[in-house]
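Asks: Structure in structure tokens, see below.
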2 protein chains.
Amino acid sequence: MGEVTKVLIADDHELIRKGLRQVLKLDNNFEIDEAIDGKEALEKVRNATPDVTILDIQMPFYTGFEVAERIHNESIQTSVIFLTMHREEQLFNRAMDIGVMGFVLKENTVSEITRCIETVLAGKHYLSPEISEFLVRRNMKLMSNASEKTGLSLLTTTEKKVLKQLATMKTSQEIADYYGVSIKTVQNHRSNICTKLGISGHHALLKFALEHAKNI
Amino acid sequence: MGEVTKVLIADDHELIRKGLRQVLKLDNNFEIDEAIDGKEALEKVRNATPDVTILDIQMPFYTGFEVAERIHNESIQTSVIFLTMHREEQLFNRAMDIGVMGFVLKENTVSEITRCIETVLAGKHYLSPEISEFLVRRNMKLMSNASEKTGLSLLTTTEKKVLKQLATMKTSQEIADYYGVSIKTVQNHRSNICTKLGISGHHALLKFALEHAKNI
DNA sequence: AGGTGTATAGGTAGAAGTACCTATGCGATT
DNA sequence: AATCGCATAGGTACTTCTACCTATACACCT
């Protein structure tokens, strides 16, 4: 095709820039530009708006993160790929939050970067398989809606039972009937729970119950 | 190490079974067994409990899914890897729900399956990068807590504003003050929202607001 | 011109929840 | 034996929410 894909490679190691250029030169018709630090990368992204921006994380002036963050905030239309040695979960999570489309480990095969670019150009995410574990975990956390130790440990078993029933949208009366106790007992439990958790207000307890029911 | 890893290959294509056996034979000390359909696979998993179970999806008697589902339900200690030609999202989602640890596309390099086995043996997930898009989307859905058309579209802008404030744990009075209207107005909006959404009860509206605040 | 939808506001009755008390019985700890 | 935590239950006063109504004013569409 006559279509040329503009790729910006931002990495402070010349070796990597040259290597990447070599790899990309073979396969497709890429128009390649380079940046040697975060500052230059940001300038070139703003001016040339490459289709794909490959960012190293550690760079002078701005880190790859800061560059990606600005790209994200300024809604610049370029697909960002992180090329990194770091297999750290926090990094990955932050990356996902700022709309990074690709996350490739340097230690992996060179073929991966071309696959990544192709995938990203198709509008899809590409993650090195080693990374997918993080995404799975991220998923799990979302599913179990943050199992932070919010103060659940402060509650007695009966209080937790009440909380669990609360999350099923039962009223105090219904919970009382369910357990065969007085509504006053349930109300007292509710009060005590609120006190223990340091929350107050009409909705606070229900909100808490809904958020933490899965962890009870 | 003297430790031998037991691997079960379940695929109805002999070619693939032999190919896999070849690939695995080279690298590590695997003890390989084969199954030619879902029924045999399940029997061998139950009796021999391999460390890793590689399942094709389309197989006679039981599909790979059905086998994995039974493995999951019976809490059999084996890491399941799906080896498939299908890049379909539903398949993937179902797989994640039944605890599959690996998901590798047949079209990919053979080296990927060994990487996958190693990763899975380390207790981590391995997904072919082409698949990660699905996981990302799964994530998104969880994050925006199901942006199903729950009925939000039925609401007027004012009603949505009220809902949004509700999710911040404001009472009707506080919302009224916030917008400088009567509490009755807010209460009416609440009533109308409940009617439109077809919900009732003390907690229902707050629950709805909390769940959908992000989409408003 | 008339209908429809929306935002506004009010009324009333009742249900539900909150806040802050007291009090009893039981089992475990000291 | 005395104390403490917990589950139980009750009282009282207050706030909040719900479920029904009515009603006015405005904008938009036919």
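The way I read the labels, and the way they are meant: chains A, B, ... in the order of the structure tokens, residue 1 as the first residue of every chain, and ligand 1 as the first ligand shown, with later ones counted on from there.
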Which residues are near stretch 5-9 of chain D? Cut-off 7 Å, only C-alpha atoms (C1' of nucleotides), ignore same chain within fewer than 2 positions. Put them as a list in words.

Replies: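 Near neighbours after the sequence-gap exclusion: Ser182, Lys184 and Thr185 of chain A.
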
Asks: Is it possible to get the superposed chain B, fitted on chain A over all Cα pairs by sequence order, as an mmCIF file with C-alpha atoms, in the first residue's frame?

Replies:
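superposed_36.cif, written as the output of this step:
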```cif
data_model
loop_
_atom_site.group_PDB
_atom_site.id
_atom_site.type_symbol
_atom_site.label_atom_id
_atom_site.label_comp_id
_atom_site.auth_asym_id
_atom_site.auth_seq_id
_atom_site.Cartn_x
_atom_site.Cartn_y
_atom_site.Cartn_z
ATOM 1 C CA MET B 1 -0.658 -0.098 0.278
ATOM 2 C CA GLY B 2 0.493 3.426 -0.278
ATOM 3 C CA GLU B 3 -0.460 4.245 3.280
ATOM 4 C CA VAL B 4 2.618 5.015 5.315
ATOM 5 C CA THR B 5 2.644 4.489 9.030
ATOM 6 C CA LYS B 6 4.559 7.079 10.984
ATOM 7 C CA VAL B 7 6.429 5.634 13.918
ATOM 8 C CA LEU B 8 8.329 7.570 16.528
ATOM 9 C CA ILE B 9 10.998 5.754 18.493
ATOM 10 C CA ALA B 10 11.941 7.457 21.730
ATOM 11 C CA ASP B 11 14.801 5.871 23.576
ATOM 12 C CA ASP B 12 17.996 7.284 24.941
ATOM 13 C CA HIS B 13 20.019 4.249 23.903
ATOM 14 C CA GLU B 14 21.227 4.593 20.372
ATOM 15 C CA LEU B 15 21.684 0.866 20.113
ATOM 16 C CA ILE B 16 18.019 0.255 20.707
ATOM 17 C CA ARG B 17 16.906 2.981 18.357
ATOM 18 C CA LYS B 18 19.069 1.575 15.587
ATOM 19 C CA GLY B 19 17.990 -1.964 16.328
ATOM 20 C CA LEU B 20 14.341 -1.086 16.205
ATOM 21 C CA ARG B 21 14.804 0.874 13.026
ATOM 22 C CA GLN B 22 16.448 -2.188 11.511
ATOM 23 C CA VAL B 23 13.628 -4.484 12.525
ATOM 24 C CA LEU B 24 10.901 -2.165 11.353
ATOM 25 C CA LYS B 25 12.664 -1.403 8.096
ATOM 26 C CA LEU B 26 12.349 -4.993 6.974
ATOM 27 C CA ASP B 27 8.697 -5.710 7.419
ATOM 28 C CA ASN B 28 6.529 -2.813 6.448
ATOM 29 C CA ASN B 29 6.485 0.587 5.029
ATOM 30 C CA PHE B 30 7.106 2.589 8.120
ATOM 31 C CA GLU B 31 8.245 6.158 8.208
ATOM 32 C CA ILE B 32 10.502 6.221 11.201
ATOM 33 C CA ASP B 33 11.570 9.121 13.344
ATOM 34 C CA GLU B 34 13.642 9.078 16.476
ATOM 35 C CA ALA B 35 13.863 10.992 19.713
ATOM 36 C CA ILE B 36 16.710 10.729 22.155
ATOM 37 C CA ASP B 37 14.934 11.954 25.254
ATOM 38 C CA GLY B 38 11.492 12.729 26.661
ATOM 39 C CA LYS B 39 11.629 16.363 25.723
ATOM 40 C CA GLU B 40 12.363 15.705 22.086
ATOM 41 C CA ALA B 41 9.820 12.906 22.055
ATOM 42 C CA LEU B 42 7.073 15.192 23.249
ATOM 43 C CA GLU B 43 7.965 17.863 20.723
ATOM 44 C CA LYS B 44 7.950 15.414 17.857
ATOM 45 C CA VAL B 45 4.685 13.854 18.972
ATOM 46 C CA ARG B 46 3.052 17.267 19.196
ATOM 47 C CA ASN B 47 4.320 18.417 15.816
ATOM 48 C CA ALA B 48 4.354 15.299 13.692
ATOM 49 C CA THR B 49 1.650 13.245 15.476
ATOM 50 C CA PRO B 50 3.009 9.819 14.578
ATOM 51 C CA ASP B 51 0.557 6.935 14.332
ATOM 52 C CA VAL B 52 2.573 4.990 16.829
ATOM 53 C CA THR B 53 4.843 6.283 19.567
ATOM 54 C CA ILE B 54 7.260 3.836 21.098
ATOM 55 C CA LEU B 55 8.514 5.089 24.412
ATOM 56 C CA ASP B 56 11.274 3.925 26.643
ATOM 57 C CA ILE B 57 10.418 4.552 30.243
ATOM 58 C CA GLN B 58 13.715 5.812 31.534
ATOM 59 C CA MET B 59 14.730 8.848 29.524
ATOM 60 C CA PRO B 60 16.305 12.202 30.295
ATOM 61 C CA PHE B 61 14.152 15.313 30.866
ATOM 62 C CA TYR B 62 10.823 13.507 30.736
ATOM 63 C CA THR B 63 10.282 9.834 31.471
ATOM 64 C CA GLY B 64 8.209 7.797 29.074
ATOM 65 C CA PHE B 65 5.448 8.039 31.613
ATOM 66 C CA GLU B 66 5.452 11.755 31.668
ATOM 67 C CA VAL B 67 5.401 11.858 27.890
ATOM 68 C CA ALA B 68 2.513 9.387 27.758
ATOM 69 C CA GLU B 69 0.678 11.308 30.416
ATOM 70 C CA ARG B 70 0.919 14.517 28.449
ATOM 71 C CA ILE B 71 -0.145 12.729 25.272
ATOM 72 C CA HIS B 72 -3.129 11.433 27.141
ATOM 73 C CA ASN B 73 -4.048 14.737 28.714
ATOM 74 C CA GLU B 74 -3.723 16.620 25.463
ATOM 75 C CA SER B 75 -5.719 13.927 23.647
ATOM 76 C CA ILE B 76 -3.074 13.594 20.975
ATOM 77 C CA GLN B 77 -4.024 10.907 18.475
ATOM 78 C CA THR B 78 -1.144 8.507 18.668
ATOM 79 C CA SER B 79 -0.961 4.969 19.948
ATOM 80 C CA VAL B 80 1.560 4.725 22.711
ATOM 81 C CA ILE B 81 3.682 1.636 23.197
ATOM 82 C CA PHE B 82 5.918 1.223 26.197
ATOM 83 C CA LEU B 83 9.120 -0.633 25.541
ATOM 84 C CA THR B 84 10.713 -1.399 28.823
ATOM 85 C CA MET B 85 12.937 -3.662 30.771
ATOM 86 C CA HIS B 86 10.802 -3.317 33.822
ATOM 87 C CA ARG B 87 8.312 -5.955 34.688
ATOM 88 C CA GLU B 88 6.832 -3.996 37.529
ATOM 89 C CA GLU B 89 3.198 -4.039 38.342
ATOM 90 C CA GLN B 90 2.825 -0.467 39.457
ATOM 91 C CA LEU B 91 4.378 0.736 36.231
ATOM 92 C CA PHE B 92 1.941 -1.348 34.311
ATOM 93 C CA ASN B 93 -1.055 -0.155 36.246
ATOM 94 C CA ARG B 94 -0.098 3.446 35.800
ATOM 95 C CA ALA B 95 0.389 2.770 32.099
ATOM 96 C CA MET B 96 -3.085 1.314 31.722
ATOM 97 C CA ASP B 97 -4.563 4.288 33.490
ATOM 98 C CA ILE B 98 -3.116 6.714 30.981
ATOM 99 C CA GLY B 99 -4.309 4.831 27.946
ATOM 100 C CA VAL B 100 -1.148 3.089 26.806
ATOM 101 C CA MET B 101 -2.014 0.589 24.094
ATOM 102 C CA GLY B 102 1.081 -1.584 24.066
ATOM 103 C CA PHE B 103 3.464 -2.853 26.694
ATOM 104 C CA VAL B 104 6.422 -4.852 25.447
ATOM 105 C CA LEU B 105 9.385 -6.150 27.387
ATOM 106 C CA LYS B 106 12.777 -5.490 25.859
ATOM 107 C CA GLU B 107 13.943 -8.911 26.838
ATOM 108 C CA ASN B 108 11.460 -10.485 24.474
ATOM 109 C CA THR B 109 11.859 -11.346 20.834
ATOM 110 C CA VAL B 110 12.149 -8.611 18.291
ATOM 111 C CA SER B 111 9.221 -10.063 16.391
ATOM 112 C CA GLU B 112 7.052 -9.061 19.270
ATOM 113 C CA ILE B 113 7.442 -5.379 18.619
ATOM 114 C CA THR B 114 6.169 -5.710 15.047
ATOM 115 C CA ARG B 115 3.229 -7.780 16.204
ATOM 116 C CA CYS B 116 2.618 -5.141 18.805
ATOM 117 C CA ILE B 117 2.619 -2.315 16.290
ATOM 118 C CA GLU B 118 0.248 -4.174 14.008
ATOM 119 C CA THR B 119 -2.117 -4.926 16.845
ATOM 120 C CA VAL B 120 -2.048 -1.394 18.119
ATOM 121 C CA LEU B 121 -2.653 -0.003 14.650
ATOM 122 C CA ALA B 122 -5.766 -2.166 14.555
ATOM 123 C CA GLY B 123 -6.933 -0.306 17.632
ATOM 124 C CA LYS B 124 -6.299 -3.137 20.020
ATOM 125 C CA HIS B 125 -4.089 -3.553 23.020
ATOM 126 C CA TYR B 126 -0.971 -5.664 22.934
ATOM 127 C CA LEU B 127 0.721 -6.825 26.096
ATOM 128 C CA SER B 128 3.680 -9.094 26.434
ATOM 129 C CA PRO B 129 2.383 -12.308 27.936
ATOM 130 C CA GLU B 130 4.611 -11.849 30.948
ATOM 131 C CA ILE B 131 2.580 -8.756 31.654
ATOM 132 C CA SER B 132 -0.818 -10.359 31.426
ATOM 133 C CA GLU B 133 -0.504 -11.553 34.984
ATOM 134 C CA PHE B 134 -0.673 -7.944 36.074
ATOM 135 C CA LEU B 135 -3.781 -7.378 34.045
ATOM 136 C CA VAL B 136 -5.381 -10.430 35.547
ATOM 137 C CA ARG B 137 -4.594 -9.197 39.008
ATOM 138 C CA ARG B 138 -5.951 -5.776 38.119
ATOM 139 C CA ASN B 139 -9.096 -7.556 37.053
ATOM 140 C CA MET B 140 -9.338 -9.513 40.241
ATOM 141 C CA LYS B 141 -9.040 -6.377 42.264
ATOM 142 C CA LEU B 142 -11.827 -4.772 40.315
ATOM 143 C CA MET B 143 -13.986 -7.848 40.597
ATOM 144 C CA SER B 144 -13.690 -8.132 44.308
ATOM 145 C CA ASN B 145 -14.210 -4.401 44.267
ATOM 146 C CA ALA B 146 -11.183 -3.545 46.263
ATOM 147 C CA SER B 147 -10.791 -6.014 49.041
ATOM 148 C CA GLU B 148 -8.927 -3.367 50.943
ATOM 149 C CA LYS B 149 -9.043 -3.875 54.622
ATOM 150 C CA THR B 150 -11.799 -1.330 54.794
ATOM 151 C CA GLY B 151 -12.691 -2.259 58.289
ATOM 152 C CA LEU B 152 -14.467 -5.513 57.598
ATOM 153 C CA SER B 153 -12.090 -7.165 59.982
ATOM 154 C CA LEU B 154 -13.409 -4.988 62.759
ATOM 155 C CA LEU B 155 -16.842 -6.503 62.483
ATOM 156 C CA THR B 156 -18.120 -9.486 64.400
ATOM 157 C CA THR B 157 -19.618 -12.432 62.573
ATOM 158 C CA THR B 158 -23.141 -11.381 63.391
ATOM 159 C CA GLU B 159 -22.471 -7.920 62.127
ATOM 160 C CA LYS B 160 -21.107 -9.348 58.925
ATOM 161 C CA LYS B 161 -24.209 -11.471 58.526
ATOM 162 C CA VAL B 162 -26.358 -8.412 58.904
ATOM 163 C CA LEU B 163 -24.237 -6.581 56.389
ATOM 164 C CA LYS B 164 -24.581 -9.398 53.932
ATOM 165 C CA GLN B 165 -28.343 -9.398 54.238
ATOM 166 C CA LEU B 166 -28.363 -5.647 53.913
ATOM 167 C CA ALA B 167 -26.656 -5.955 50.579
ATOM 168 C CA THR B 168 -29.551 -8.085 49.372
ATOM 169 C CA MET B 169 -31.759 -5.043 49.848
ATOM 170 C CA LYS B 170 -33.538 -6.327 52.909
ATOM 171 C CA THR B 171 -34.867 -3.846 55.440
ATOM 172 C CA SER B 172 -34.007 -4.145 59.096
ATOM 173 C CA GLN B 173 -37.380 -5.739 59.740
ATOM 174 C CA GLU B 174 -36.826 -8.310 57.047
ATOM 175 C CA ILE B 175 -33.388 -9.148 58.350
ATOM 176 C CA ALA B 176 -34.819 -9.492 61.844
ATOM 177 C CA ASP B 177 -37.481 -11.881 60.589
ATOM 178 C CA TYR B 178 -34.906 -13.755 58.561
ATOM 179 C CA TYR B 179 -32.819 -14.494 61.610
ATOM 180 C CA GLY B 180 -35.702 -14.624 64.047
ATOM 181 C CA VAL B 181 -34.517 -11.751 66.218
ATOM 182 C CA SER B 182 -35.952 -8.415 67.172
ATOM 183 C CA ILE B 183 -35.757 -5.532 64.792
ATOM 184 C CA LYS B 184 -34.051 -3.621 67.559
ATOM 185 C CA THR B 185 -31.224 -6.099 67.546
ATOM 186 C CA VAL B 186 -30.697 -5.570 63.880
ATOM 187 C CA GLN B 187 -30.889 -1.831 64.276
ATOM 188 C CA ASN B 188 -28.332 -1.975 67.033
ATOM 189 C CA HIS B 189 -26.039 -4.032 64.878
ATOM 190 C CA ARG B 190 -26.388 -1.458 62.159
ATOM 191 C CA SER B 191 -25.529 1.314 64.557
ATOM 192 C CA ASN B 192 -22.532 -0.566 65.844
ATOM 193 C CA ILE B 193 -21.313 -1.295 62.348
ATOM 194 C CA CYS B 194 -21.583 2.381 61.457
ATOM 195 C CA THR B 195 -19.635 3.326 64.534
ATOM 196 C CA LYS B 196 -16.936 0.772 63.859
ATOM 197 C CA LEU B 197 -16.596 1.795 60.268
ATOM 198 C CA GLY B 198 -16.718 5.453 61.085
ATOM 199 C CA ILE B 199 -19.532 6.140 58.701
ATOM 200 C CA SER B 200 -22.772 8.026 59.158
ATOM 201 C CA GLY B 201 -25.783 9.128 57.221
ATOM 202 C CA HIS B 202 -28.822 7.531 55.748
ATOM 203 C CA HIS B 203 -27.155 5.866 52.821
ATOM 204 C CA ALA B 204 -23.655 5.223 53.983
ATOM 205 C CA LEU B 205 -24.224 1.775 55.408
ATOM 206 C CA LEU B 206 -26.125 0.486 52.425
ATOM 207 C CA LYS B 207 -23.458 1.798 50.128
ATOM 208 C CA PHE B 208 -20.811 0.070 52.158
ATOM 209 C CA ALA B 209 -22.780 -3.161 52.209
ATOM 210 C CA LEU B 210 -23.257 -3.132 48.465
ATOM 211 C CA GLU B 211 -19.602 -2.461 47.867
ATOM 212 C CA HIS B 212 -18.268 -5.108 50.167
ATOM 213 C CA ALA B 213 -20.870 -7.826 50.083
ATOM 214 C CA LYS B 214 -18.654 -9.938 47.881
ATOM 215 C CA ASN B 215 -15.899 -9.986 50.446
ATOM 216 C CA ILE B 216 -17.982 -11.061 53.381
#
```

Asks: Counting only C-alpha atoms (C1' of nucleotides), a student should be able to say which residues of chain C come within 9 Å of chain A; what is the right answer, written as a ChimeraX atom specification?

Replies: /C:16-19

Asks: Give the alpha helix (DSSP H) residues of stretch 11-212 of chain A, as DSSP finds them on the backbone, and put them as a ChimeraX atom specification.

Replies: /A:14-27,38-48,64-73,89-97,111-121,129-143,157-167,172-179,183-197,204-212

Asks: Select residues of chain D: the criterion is any atom within 9 Å of an atom of chain B, counting only C-alpha atoms (C1' of nucleotides); output as number ranges by chain.

Replies: D: 16-19

Asks: I need the chosen residues saved as a PDB file, in the first residue's frame, with C-alpha atoms (C1' of nucleotides).

Replies:
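Okay, selection28.pdb is ready:
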```pdb
ATOM      1  C1'  DT D  16     -35.101  10.604  55.528  1.00  0.00           C
ATOM      2  C1'  DC D  17     -37.268   8.264  51.956  1.00  0.00           C
ATOM      3  C1'  DT D  18     -41.303   6.380  49.492  1.00  0.00           C
ATOM      4  C1'  DA D  19     -45.808   6.296  47.350  1.00  0.00           C
TER       5       DA D  19
END
```

Asks: What's around C:DT22 at 12 Å? Count only C-alpha atoms (C1' of nucleotides), leave out sequence neighbours fewer than 2 positions away in its own chain, and write the answer as an MDAnalysis selection string.

Replies: (chainID C and resid 20 24) or (chainID D and resid 9:12)

Asks: How would the residues just picked look written out with C-alpha atoms (C1' of nucleotides) as a PDB file, in the first residue's frame?

Replies:
```pdb
ATOM      1  C1'  DC C  20     -28.460   7.884  71.695  1.00  0.00           C
ATOM      2  C1'  DT C  24     -30.297  -8.505  80.509  1.00  0.00           C
TER       3       DT C  24
ATOM      4  C1'  DA D   9     -34.258  -6.199  73.141  1.00  0.00           C
ATOM      5  C1'  DG D  10     -36.578  -2.030  74.234  1.00  0.00           C
ATOM      6  C1'  DG D  11     -37.458   3.318  74.383  1.00  0.00           C
ATOM      7  C1'  DT D  12     -37.653   7.941  72.235  1.00  0.00           C
TER       8       DT D  12
END
```

Asks: Just give me the gap between atom C1' of C:DG3 and atom C1' of D:DA23 in Å, one decimal is fine.

Replies: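 Answer for the atom C1' of C:DG3 to atom C1' of D:DA23 separation: 17.3 Å.
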
Asks: Figure out the distance between atom C1' of C:DT6 and atom C1' of D:DT30, please, to one decimal in Å.

Replies: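 Between atom C1' of D:DT30 and atom C1' of C:DT6 the gap is 18.3 Å.
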
Asks: Taking the backbone alone, and naming residues the way the document does, which bits of stretch 85-135 of chain B are strand (DSSP E or B) by DSSP, as a PyMOL selection string?

Replies: chain B and resi 102-105+126-127

Asks: With N, CA and C atoms retained, write the just-selected residues as a PDB file, in the first residue's frame.

Replies:
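Saved file out-v9.pdb follows:
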```pdb
ATOM      1  N   GLY B 102      -4.106 -20.656  30.731  1.00  0.00           N
ATOM      2  CA  GLY B 102      -3.405 -20.298  29.505  1.00  0.00           C
ATOM      3  C   GLY B 102      -4.336 -20.312  28.311  1.00  0.00           C
ATOM      4  N   PHE B 103      -4.063 -19.456  27.363  1.00  0.00           N
ATOM      5  CA  PHE B 103      -4.909 -19.361  26.180  1.00  0.00           C
ATOM      6  C   PHE B 103      -3.993 -19.048  25.007  1.00  0.00           C
ATOM      7  N   VAL B 104      -3.711 -20.060  24.214  1.00  0.00           N
ATOM      8  CA  VAL B 104      -2.729 -19.915  23.140  1.00  0.00           C
ATOM      9  C   VAL B 104      -3.387 -20.200  21.798  1.00  0.00           C
ATOM     10  N   LEU B 105      -3.085 -19.360  20.837  1.00  0.00           N
ATOM     11  CA  LEU B 105      -3.622 -19.556  19.494  1.00  0.00           C
ATOM     12  C   LEU B 105      -2.738 -20.506  18.707  1.00  0.00           C
ATOM     13  N   TYR B 126      -1.002 -17.082  31.168  1.00  0.00           N
ATOM     14  CA  TYR B 126      -0.328 -16.762  29.917  1.00  0.00           C
ATOM     15  C   TYR B 126      -1.383 -16.653  28.830  1.00  0.00           C
ATOM     16  N   LEU B 127      -1.413 -15.511  28.184  1.00  0.00           N
ATOM     17  CA  LEU B 127      -2.357 -15.321  27.087  1.00  0.00           C
ATOM     18  C   LEU B 127      -1.599 -14.895  25.853  1.00  0.00           C
TER      19      LEU B 127
END
```
